[in-house]
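Asker: Sharing target.cif (mmCIF, C-alpha atoms) below.
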```
data_work
loop_
_atom_site.label_atom_id
_atom_site.label_comp_id
_atom_site.auth_asym_id
_atom_site.auth_seq_id
_atom_site.Cartn_x
_atom_site.Cartn_y
_atom_site.Cartn_z
CA MET A 148 31.94 91.15 -61.26
CA GLN A 149 31.82 94.11 -58.90
CA ILE A 150 29.45 92.21 -56.62
CA LEU A 151 31.81 89.24 -56.54
CA GLU A 152 34.71 91.54 -55.71
CA ARG A 153 32.77 93.04 -52.80
CA VAL A 154 32.15 89.67 -51.14
CA PRO A 155 35.72 89.12 -49.84
CA LYS A 156 35.92 92.80 -48.86
CA SER A 157 32.76 92.37 -46.82
CA PHE A 158 34.28 89.48 -44.91
CA VAL A 159 37.42 91.53 -44.29
CA THR A 160 35.32 94.42 -42.97
CA PHE A 161 33.32 92.06 -40.76
CA GLY A 162 36.54 90.66 -39.32
CA ARG A 163 37.91 94.12 -38.58
CA VAL A 164 34.68 95.19 -36.90
CA LEU A 165 34.74 92.02 -34.79
CA VAL A 166 38.35 92.66 -33.78
CA LEU A 167 37.46 96.23 -32.84
CA ALA A 168 34.53 95.01 -30.72
CA VAL A 169 36.69 92.49 -28.85
CA ASP A 170 39.44 95.06 -28.34
CA ALA A 171 36.99 97.67 -26.99
CA LEU A 172 35.31 95.17 -24.64
CA ARG A 173 38.72 94.20 -23.34
CA TYR A 174 39.39 97.77 -22.26
CA ILE A 175 36.07 98.29 -20.43
CA PRO A 176 37.03 96.47 -17.21
CA HIS A 177 40.60 97.84 -17.46
CA LYS A 178 41.95 99.69 -14.43
CA ARG A 179 42.83 102.69 -16.63
CA PHE A 180 39.38 102.90 -18.15
CA PRO A 181 38.55 106.58 -18.91
CA TRP A 182 35.62 107.03 -16.54
CA LYS A 183 35.30 110.78 -17.15
CA GLU A 184 34.87 110.20 -20.88
CA PHE A 185 32.39 107.41 -20.13
CA VAL A 186 30.23 109.68 -17.97
CA ARG A 187 30.39 112.47 -20.53
CA GLN A 188 29.41 110.15 -23.36
CA ALA A 189 26.62 108.53 -21.31
CA TRP A 190 25.13 111.93 -20.60
CA PHE A 191 25.49 113.00 -24.23
CA ILE A 192 23.83 109.81 -25.53
CA THR A 193 21.02 110.16 -23.00
CA SER A 194 20.38 113.79 -23.91
CA VAL A 195 20.35 112.97 -27.61
CA SER A 196 18.14 109.89 -27.50
CA MET A 197 15.85 110.10 -24.46
CA VAL A 198 13.29 112.64 -25.70
CA PRO A 199 13.00 111.18 -29.23
CA THR A 200 12.65 107.70 -27.76
CA LEU A 201 9.85 108.84 -25.46
CA LEU A 202 8.09 110.63 -28.30
CA VAL A 203 8.24 107.49 -30.44
CA ALA A 204 7.20 105.13 -27.63
CA VAL A 205 3.84 106.85 -27.05
CA PRO A 206 2.48 106.65 -30.63
CA PHE A 207 4.02 103.20 -30.99
CA GLY A 208 1.93 101.94 -28.07
CA VAL A 209 -1.16 103.48 -29.65
CA ILE A 210 -0.45 101.93 -33.06
CA VAL A 211 0.02 98.47 -31.56
CA SER A 212 -3.20 98.87 -29.60
CA VAL A 213 -5.16 99.95 -32.71
CA GLN A 214 -3.86 97.10 -34.85
CA VAL A 215 -4.27 94.43 -32.20
CA GLY A 216 -7.70 95.78 -31.24
CA SER A 217 -8.93 95.60 -34.83
CA ILE A 218 -7.80 92.00 -35.24
CA SER A 219 -9.12 91.00 -31.82
CA GLN A 220 -12.57 92.35 -32.59
CA GLN A 221 -12.69 90.48 -35.89
CA VAL A 222 -11.85 87.12 -34.30
CA GLY A 223 -13.81 87.75 -31.10
CA ALA A 224 -10.83 87.74 -28.77
CA THR A 225 -11.02 91.20 -27.27
CA SER A 226 -10.34 89.82 -23.80
CA PHE A 227 -6.75 88.97 -24.84
CA MET A 228 -5.82 92.47 -25.96
CA GLY A 229 -3.77 93.09 -22.84
CA ALA A 230 -1.51 90.10 -23.50
CA ALA A 231 -1.15 90.87 -27.19
CA ASN A 232 -0.40 94.57 -26.65
CA GLY A 233 1.99 94.06 -23.77
CA LEU A 234 3.95 91.20 -25.30
CA GLY A 235 4.13 92.93 -28.65
CA VAL A 236 5.56 96.07 -27.12
CA ILE A 237 8.00 94.34 -24.77
CA ARG A 238 9.26 91.54 -26.99
CA GLN A 239 9.57 93.37 -30.29
CA GLY A 240 8.55 96.99 -30.04
CA ALA A 241 10.86 98.27 -27.31
CA PRO A 242 14.11 96.74 -28.64
CA ILE A 243 13.35 97.81 -32.22
CA VAL A 244 12.51 101.39 -31.22
CA VAL A 245 15.67 101.60 -29.14
CA ALA A 246 17.76 100.08 -31.93
CA LEU A 247 16.50 102.44 -34.64
CA LEU A 248 16.91 105.55 -32.51
CA LEU A 249 20.38 104.48 -31.38
CA ALA A 250 21.39 103.86 -34.98
CA GLY A 251 19.94 107.13 -36.23
CA ALA A 252 20.87 109.50 -33.42
CA VAL A 253 23.67 107.93 -31.40
CA GLY A 254 25.45 106.01 -34.16
CA SER A 255 25.58 109.00 -36.47
CA ALA A 256 26.91 111.21 -33.66
CA ILE A 257 29.64 108.73 -32.71
CA CYS A 258 30.68 108.22 -36.34
CA ALA A 259 30.74 111.95 -37.07
CA ASP A 260 32.80 112.69 -33.95
CA LEU A 261 35.41 110.00 -34.59
CA GLY A 262 35.44 110.73 -38.33
CA ALA A 263 36.15 114.40 -37.71
CA ARG A 264 38.96 113.42 -35.35
CA LYS A 265 40.33 111.08 -38.01
CA ILE A 266 40.49 113.65 -40.80
CA ARG A 267 42.07 116.16 -38.38
CA ASP A 268 44.79 113.55 -37.69
CA GLU A 269 43.92 113.40 -33.98
CA ILE A 270 43.70 109.60 -34.11
CA ASP A 271 47.16 109.36 -35.68
CA ALA A 272 48.50 111.78 -33.07
CA LEU A 273 47.19 109.55 -30.27
CA GLU A 274 48.81 106.49 -31.80
CA THR A 275 52.07 108.41 -32.27
CA MET A 276 52.12 109.27 -28.56
CA GLY A 277 51.62 105.60 -27.70
CA LEU A 278 47.99 106.03 -26.63
CA SER A 279 45.31 103.62 -27.78
CA ALA A 280 42.45 105.29 -29.63
CA VAL A 281 40.31 102.24 -28.87
CA GLN A 282 40.89 102.60 -25.14
CA ARG A 283 40.52 106.38 -25.03
CA LEU A 284 37.67 106.87 -27.51
CA VAL A 285 35.90 103.66 -28.53
CA ALA A 286 35.68 101.79 -25.20
CA PRO A 287 33.92 104.59 -23.23
CA ARG A 288 31.48 105.18 -26.08
CA LEU A 289 30.70 101.47 -26.28
CA ALA A 290 30.16 101.18 -22.52
CA ALA A 291 27.98 104.30 -22.46
CA THR A 292 25.85 103.03 -25.35
CA LEU A 293 25.32 99.66 -23.65
CA LEU A 294 24.20 101.34 -20.42
CA VAL A 295 21.87 103.83 -22.08
CA ALA A 296 20.37 101.10 -24.30
CA VAL A 297 19.25 99.15 -21.23
CA LEU A 298 17.68 102.23 -19.65
CA LEU A 299 15.93 103.27 -22.87
CA CYS A 300 14.50 99.78 -23.35
CA GLY A 301 12.97 99.84 -19.88
CA MET A 302 11.52 103.29 -20.52
CA VAL A 303 10.02 102.28 -23.88
CA SER A 304 8.56 99.06 -22.43
CA PHE A 305 6.86 100.90 -19.56
CA THR A 306 5.65 103.78 -21.73
CA GLY A 307 4.35 101.50 -24.48
CA VAL A 308 2.44 99.21 -22.11
CA VAL A 309 0.90 102.11 -20.17
CA THR A 310 -0.04 103.92 -23.38
CA GLY A 311 -1.67 100.79 -24.78
CA TYR A 312 -3.58 100.29 -21.54
CA VAL A 313 -4.87 103.88 -21.43
CA PHE A 314 -5.83 103.84 -25.12
CA ASN A 315 -7.58 100.49 -24.80
CA VAL A 316 -9.59 101.56 -21.76
CA LEU A 317 -10.49 105.11 -22.82
CA VAL A 318 -10.85 104.77 -26.58
CA GLN A 319 -11.55 101.11 -27.32
CA SER A 320 -13.88 100.62 -24.32
CA GLY A 321 -11.75 97.83 -22.93
CA THR A 322 -11.99 96.47 -19.39
CA PRO A 323 -9.07 97.41 -17.11
CA GLY A 324 -9.24 94.16 -15.18
CA SER A 325 -9.28 92.02 -18.32
CA TYR A 326 -6.34 93.90 -19.81
CA VAL A 327 -4.19 93.50 -16.71
CA ALA A 328 -5.24 89.89 -16.08
CA THR A 329 -4.42 88.65 -19.58
CA PHE A 330 -1.14 90.54 -19.62
CA ALA A 331 -0.14 89.00 -16.28
CA ALA A 332 -1.19 85.53 -17.46
CA PHE A 333 0.91 85.52 -20.62
CA ALA A 334 3.86 87.75 -19.73
CA GLN A 335 6.98 86.22 -18.25
CA PRO A 336 10.07 87.79 -16.65
CA ALA A 337 12.04 86.23 -19.48
CA ASP A 338 10.22 88.54 -21.92
CA LEU A 339 11.69 91.65 -20.30
CA ILE A 340 15.07 89.98 -19.97
CA LEU A 341 14.96 89.17 -23.67
CA ALA A 342 14.13 92.78 -24.52
CA GLU A 343 16.99 94.10 -22.38
CA LEU A 344 19.39 91.55 -23.86
CA LYS A 345 18.37 92.59 -27.35
CA SER A 346 18.91 96.23 -26.49
CA VAL A 347 22.39 95.53 -25.13
CA ILE A 348 23.33 93.63 -28.29
CA PHE A 349 21.80 96.29 -30.52
CA GLY A 350 23.60 99.05 -28.64
CA GLY A 351 26.90 97.22 -28.98
CA ILE A 352 26.37 96.75 -32.72
CA VAL A 353 25.56 100.43 -33.23
CA ALA A 354 28.54 101.66 -31.19
CA VAL A 355 31.09 99.32 -32.79
CA VAL A 356 29.91 99.86 -36.39
CA ALA A 357 29.77 103.63 -35.93
CA SER A 358 33.21 103.66 -34.30
CA TYR A 359 34.72 101.55 -37.07
CA LYS A 360 33.27 103.73 -39.82
CA GLY A 361 34.45 106.86 -38.03
CA LEU A 362 37.99 105.57 -37.47
CA THR A 363 38.28 104.54 -41.13
CA ALA A 364 36.81 107.73 -42.60
CA SER A 365 38.85 109.47 -45.27
CA GLY A 366 38.47 112.12 -47.93
CA GLY A 367 37.68 115.17 -45.84
CA PRO A 368 34.20 116.31 -44.78
CA LYS A 369 32.57 114.46 -47.66
CA GLY A 370 34.22 111.25 -46.50
CA VAL A 371 32.87 111.78 -42.98
CA ALA A 372 29.36 112.29 -44.35
CA ASN A 373 29.64 109.10 -46.40
CA ALA A 374 30.92 107.22 -43.35
CA VAL A 375 27.95 108.42 -41.25
CA ASN A 376 25.49 107.34 -43.93
CA ALA A 377 27.16 103.93 -44.29
CA ALA A 378 27.25 103.45 -40.51
CA VAL A 379 23.52 104.10 -40.11
CA VAL A 380 22.51 101.87 -43.04
CA LEU A 381 24.81 99.01 -42.03
CA SER A 382 23.69 99.23 -38.40
CA VAL A 383 20.00 99.04 -39.32
CA VAL A 384 20.54 96.03 -41.59
CA LEU A 385 22.55 94.19 -38.94
CA LEU A 386 20.04 95.06 -36.21
CA PHE A 387 17.10 93.56 -38.05
CA ALA A 388 19.07 90.46 -39.02
CA VAL A 389 20.23 89.87 -35.44
CA ASN A 390 16.70 90.54 -34.15
CA VAL A 391 15.30 87.75 -36.35
CA ILE A 392 17.95 85.31 -35.12
CA ILE A 393 17.44 86.13 -31.43
CA THR A 394 13.64 85.98 -31.73
CA GLN A 395 13.74 82.57 -33.36
CA LEU A 396 16.14 81.19 -30.77
CA TYR A 397 13.98 82.53 -27.94
CA ALA A 398 10.82 80.96 -29.44
CA VAL A 399 12.57 77.58 -29.57
CA LEU A 400 14.25 77.73 -26.15
CA PHE A 401 11.39 79.42 -24.24
CA PRO A 402 8.02 78.44 -25.71
CA GLN A 403 5.02 80.49 -24.64
CA ARG A 404 3.29 79.24 -21.50
CA ILE A 405 0.12 80.41 -19.79
CA ALA A 406 0.64 81.02 -16.07
#
```
Transcribe the structure of this file into structure tokens.
Answerer:
Amino acid sequence: MQILERVPKSFVTFGRVLVLAVDALRYIPHKRFPWKEFVRQAWFITSVSMVPTLLVAVPFGVIVSVQVGSISQQVGATSFMGAANGLGVIRQGAPIVVALLLAGAVGSAICADLGARKIRDEIDALETMGLSAVQRLVAPRLAATLLVAVLLCGMVSFTGVVTGYVFNVLVQSGTPGSYVATFAAFAQPADLILAELKSVIFGGIVAVVASYKGLTASGGPKGVANAVNAAVVLSVVLLFAVNVIITQLYAVLFPQRIA
């Protein structure tokens, strides 16, 4: 019975999150958009997520290269390792790495910040003065997360591809020319566009979910901790679900072609 009772509540929560997302996006191109807060949040998000993302991107490129290299050697297709490594990193690896780090580092920080403001009654004070908490707090954080997500995705894609190339050439005795040639033959500009689009969507999901959980936190410090935990878990679940949907749509709309 408890599960059945949670179903309508889940739809209500989804609707409120969607309303918050639309409201925050509406304030981004507004003439009174808080640019100083946007710059401050963009720098904070970059400082929190850039180094961990880079540290994850390097071993991720190595892991993909090891796994793909093992399978390629078994089926006798070592000449296609460049295409497999590069496409694997760009299409799936980079957006997923960015999404998980945004959810873990950025989402938790946003939720904790807004949750602490909520239990200190700062949000209510803003509303009492006629100021929109969505415009002043949520919109700049959403815009900053979208911008940083795009930059992080590009950094992970470049780092992962280069790491896979170096590992393949130096450790797996691959041929540099073959690696680059197969990657260039299979890769398309749409692959990078897809990765960036995924990162933007993932960043928006993380920022909106974390903001909603922070603004609805209650019960003191323990309530803020519970809100942060719920924000991270919910973000990760939504990110993987949306990733499956986008990947399937891309495979149908843009089938793989050899240049």
Asker: Taking the file as I've supplied it (selection: the PyMOL selection byres ((chain A and resi 370-381) around 10)), which residues are included? Please answer as a PyMOL selection string.
Answerer: chain A and resi 247+249-266+352-369+382-386
Asker: Given the PyMOL selection byres ((chain A and resi 323) around 12) and the file above, list the residues it selects as a PDB file with C-alpha atoms, in the coordinates of the input.
Answerer:
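Output contents, as saved in result_37.pdb:
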```
ATOM      1  CA  SER A 226     -10.340  89.820 -23.800  1.00  0.00           C
ATOM      2  CA  PHE A 227      -6.750  88.970 -24.840  1.00  0.00           C
ATOM      3  CA  MET A 228      -5.820  92.470 -25.960  1.00  0.00           C
ATOM      4  CA  GLY A 229      -3.770  93.090 -22.840  1.00  0.00           C
ATOM      5  CA  VAL A 309       0.900 102.110 -20.170  1.00  0.00           C
ATOM      6  CA  GLY A 311      -1.670 100.790 -24.780  1.00  0.00           C
ATOM      7  CA  TYR A 312      -3.580 100.290 -21.540  1.00  0.00           C
ATOM      8  CA  VAL A 313      -4.870 103.880 -21.430  1.00  0.00           C
ATOM      9  CA  PHE A 314      -5.830 103.840 -25.120  1.00  0.00           C
ATOM     10  CA  ASN A 315      -7.580 100.490 -24.800  1.00  0.00           C
ATOM     11  CA  VAL A 316      -9.590 101.560 -21.760  1.00  0.00           C
ATOM     12  CA  LEU A 317     -10.490 105.110 -22.820  1.00  0.00           C
ATOM     13  CA  GLN A 319     -11.550 101.110 -27.320  1.00  0.00           C
ATOM     14  CA  SER A 320     -13.880 100.620 -24.320  1.00  0.00           C
ATOM     15  CA  GLY A 321     -11.750  97.830 -22.930  1.00  0.00           C
ATOM     16  CA  THR A 322     -11.990  96.470 -19.390  1.00  0.00           C
ATOM     17  CA  GLY A 324      -9.240  94.160 -15.180  1.00  0.00           C
ATOM     18  CA  SER A 325      -9.280  92.020 -18.320  1.00  0.00           C
ATOM     19  CA  TYR A 326      -6.340  93.900 -19.810  1.00  0.00           C
ATOM     20  CA  VAL A 327      -4.190  93.500 -16.710  1.00  0.00           C
ATOM     21  CA  ALA A 328      -5.240  89.890 -16.080  1.00  0.00           C
ATOM     22  CA  THR A 329      -4.420  88.650 -19.580  1.00  0.00           C
ATOM     23  CA  PHE A 330      -1.140  90.540 -19.620  1.00  0.00           C
TER      24      PHE A 330
END
```
Asker: Return as a PyMOL selection string the set of residues that the PyMOL selection byres ((chain A and resi 200) around 12) yields on the displayed structure.
Answerer: chain A and resi 192-199+201-207+240-253+295-296+298-304+306-307
Asker: Choose the residue, out of A:Thr275, A:Gln188, A:Thr292, A:Gln335, that has the smallest atom-to-atom separation from Leu234 (chain A); count only C-alpha atoms.
Answerer: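 Comparing A:Thr275, A:Gln188, A:Thr292, A:Gln335 against Leu234 (chain A), the winner is A:Gln335.
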Asker: Rounded to one decimal place, report the CA of Leu278 (chain A)-CA of Arg163 (chain A) distance in Å.
Answerer: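 Computing it gives 19.7 Å between the two atoms.
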Asker: Figure out the distance between CA of Gln282 (chain A) and CA of Arg179 (chain A), please, to one decimal in Å.
Answerer: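 Straight-line distance from CA of Arg179 (chain A) to CA of Gln282 (chain A) works out to 8.7 Å.
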Asker: Which is closest to Ala398 (chain A) among A:Arg267, A:Leu293, A:Ser279, A:Asp338, if we use all atoms listed in the file?
Answerer: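 That would be A:Asp338, the residue with the smallest distance to Ala398 (chain A).
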Asker: Go ahead and fit an axis-aligned box to every listed atom of region 198-216 of chain A plus 4 Å each side, and pass me the centre and edge lengths in Å, one decimal, as JSON.
Answerer:
```
{"center_x": 2.8, "center_y": 103.5, "center_z": -30.2, "size_x": 29.0, "size_y": 26.2, "size_z": 17.4}
```
Asker: To one decimal in Å, tell me the separation between CA of Val399 (chain A) and CA of Val169 (chain A).
Answerer: 28.4 Å
Asker: Which residue out of A:Val389, A:Ala342, A:Val209, A:Leu284 has the minimum interatomic distance to Gln239 (chain A) when only C-alpha atoms are used?
Answerer: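 Residue with the minimum atom-to-atom distance to Gln239 (chain A): A:Ala342.
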Asker: Determine, counting only C-alpha atoms, which protein, DNA and RNA residues have an atom within 10 Å of an atom of Asp170 (chain A); residues of the same chain fewer than 5 positions away are not included. Present the result as a list in words.
Answerer: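 Listed by chain and then number, they are Val164, Leu165, Ile175, Val281, Gln282, Val285 and Ala286 of chain A.
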Asker: Could you pull region 285-325 of chain A out of the structure I just pasted and write it to a file containing N, CA and C atoms, as a short mmCIF file (atom, residue, chain, number, x, y, z; two decimals), in the first residue's frame?
Answerer:
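Ended up saving to out.cif:
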```cif
data_model
loop_
_atom_site.label_atom_id
_atom_site.label_comp_id
_atom_site.auth_asym_id
_atom_site.auth_seq_id
_atom_site.Cartn_x
_atom_site.Cartn_y
_atom_site.Cartn_z
N VAL A 285 18.20 30.06 -8.21
CA VAL A 285 18.13 28.86 -9.05
C VAL A 285 18.61 29.14 -10.47
N ALA A 286 18.12 30.22 -11.08
CA ALA A 286 18.45 30.52 -12.48
C ALA A 286 19.97 30.65 -12.71
N PRO A 287 20.71 31.41 -11.90
CA PRO A 287 22.17 31.49 -12.15
C PRO A 287 22.88 30.17 -11.95
N ARG A 288 22.42 29.36 -11.01
CA ARG A 288 23.04 28.05 -10.81
C ARG A 288 22.74 27.12 -11.97
N LEU A 289 21.54 27.19 -12.51
CA LEU A 289 21.19 26.38 -13.67
C LEU A 289 22.01 26.78 -14.88
N ALA A 290 22.11 28.08 -15.15
CA ALA A 290 22.88 28.56 -16.30
C ALA A 290 24.36 28.20 -16.15
N ALA A 291 24.89 28.34 -14.96
CA ALA A 291 26.30 28.01 -14.74
C ALA A 291 26.56 26.52 -14.93
N THR A 292 25.64 25.69 -14.46
CA THR A 292 25.81 24.24 -14.63
C THR A 292 25.75 23.84 -16.10
N LEU A 293 24.85 24.45 -16.87
CA LEU A 293 24.77 24.15 -18.29
C LEU A 293 26.06 24.51 -19.02
N LEU A 294 26.62 25.68 -18.70
CA LEU A 294 27.85 26.11 -19.34
C LEU A 294 29.02 25.20 -18.99
N VAL A 295 29.18 24.92 -17.71
CA VAL A 295 30.30 24.09 -17.27
C VAL A 295 30.17 22.67 -17.79
N ALA A 296 28.95 22.16 -17.91
CA ALA A 296 28.74 20.81 -18.43
C ALA A 296 29.26 20.67 -19.86
N VAL A 297 29.01 21.69 -20.68
CA VAL A 297 29.51 21.67 -22.06
C VAL A 297 31.04 21.66 -22.09
N LEU A 298 31.65 22.50 -21.27
CA LEU A 298 33.11 22.57 -21.24
C LEU A 298 33.72 21.28 -20.71
N LEU A 299 33.13 20.71 -19.67
CA LEU A 299 33.65 19.46 -19.12
C LEU A 299 33.54 18.32 -20.11
N CYS A 300 32.44 18.28 -20.87
CA CYS A 300 32.27 17.22 -21.86
C CYS A 300 33.35 17.29 -22.93
N GLY A 301 33.66 18.49 -23.40
CA GLY A 301 34.73 18.63 -24.37
C GLY A 301 36.07 18.20 -23.81
N MET A 302 36.32 18.55 -22.54
CA MET A 302 37.59 18.17 -21.92
C MET A 302 37.70 16.66 -21.75
N VAL A 303 36.61 16.01 -21.33
CA VAL A 303 36.64 14.56 -21.15
C VAL A 303 36.79 13.85 -22.49
N SER A 304 36.10 14.34 -23.53
CA SER A 304 36.21 13.72 -24.84
C SER A 304 37.65 13.78 -25.36
N PHE A 305 38.26 14.94 -25.27
CA PHE A 305 39.64 15.10 -25.75
C PHE A 305 40.60 14.25 -24.92
N THR A 306 40.47 14.32 -23.59
CA THR A 306 41.38 13.58 -22.72
C THR A 306 41.23 12.08 -22.91
N GLY A 307 39.98 11.61 -23.02
CA GLY A 307 39.75 10.17 -23.18
C GLY A 307 40.29 9.64 -24.49
N VAL A 308 40.08 10.38 -25.59
CA VAL A 308 40.57 9.93 -26.89
C VAL A 308 42.10 9.93 -26.92
N VAL A 309 42.71 10.98 -26.42
CA VAL A 309 44.18 11.05 -26.41
C VAL A 309 44.77 9.96 -25.52
N THR A 310 44.16 9.74 -24.36
CA THR A 310 44.66 8.70 -23.46
C THR A 310 44.55 7.32 -24.10
N GLY A 311 43.42 7.05 -24.76
CA GLY A 311 43.26 5.78 -25.45
C GLY A 311 44.27 5.60 -26.57
N TYR A 312 44.55 6.69 -27.28
CA TYR A 312 45.54 6.64 -28.37
C TYR A 312 46.94 6.32 -27.82
N VAL A 313 47.34 7.04 -26.78
CA VAL A 313 48.68 6.84 -26.21
C VAL A 313 48.81 5.43 -25.64
N PHE A 314 47.78 4.96 -24.92
CA PHE A 314 47.83 3.63 -24.34
C PHE A 314 47.86 2.56 -25.43
N ASN A 315 47.09 2.75 -26.49
CA ASN A 315 47.07 1.77 -27.57
C ASN A 315 48.41 1.69 -28.27
N VAL A 316 49.04 2.82 -28.50
CA VAL A 316 50.31 2.85 -29.23
C VAL A 316 51.46 2.35 -28.37
N LEU A 317 51.54 2.81 -27.11
CA LEU A 317 52.69 2.49 -26.28
C LEU A 317 52.58 1.14 -25.58
N VAL A 318 51.38 0.75 -25.19
CA VAL A 318 51.22 -0.47 -24.40
C VAL A 318 50.72 -1.64 -25.24
N GLN A 319 49.74 -1.37 -26.10
CA GLN A 319 49.13 -2.45 -26.87
C GLN A 319 49.77 -2.64 -28.24
N SER A 320 50.85 -1.91 -28.51
CA SER A 320 51.60 -2.04 -29.77
C SER A 320 50.72 -1.76 -30.99
N GLY A 321 49.83 -0.80 -30.86
CA GLY A 321 48.99 -0.42 -31.98
C GLY A 321 49.72 0.49 -32.95
N THR A 322 49.14 0.64 -34.14
CA THR A 322 49.72 1.50 -35.16
C THR A 322 49.06 2.88 -35.11
N PRO A 323 49.84 3.95 -34.98
CA PRO A 323 49.24 5.29 -34.90
C PRO A 323 48.37 5.62 -36.11
N GLY A 324 48.87 5.30 -37.29
CA GLY A 324 48.11 5.62 -38.49
C GLY A 324 46.78 4.89 -38.57
N SER A 325 46.78 3.61 -38.19
CA SER A 325 45.56 2.83 -38.21
C SER A 325 44.56 3.35 -37.19
#
```
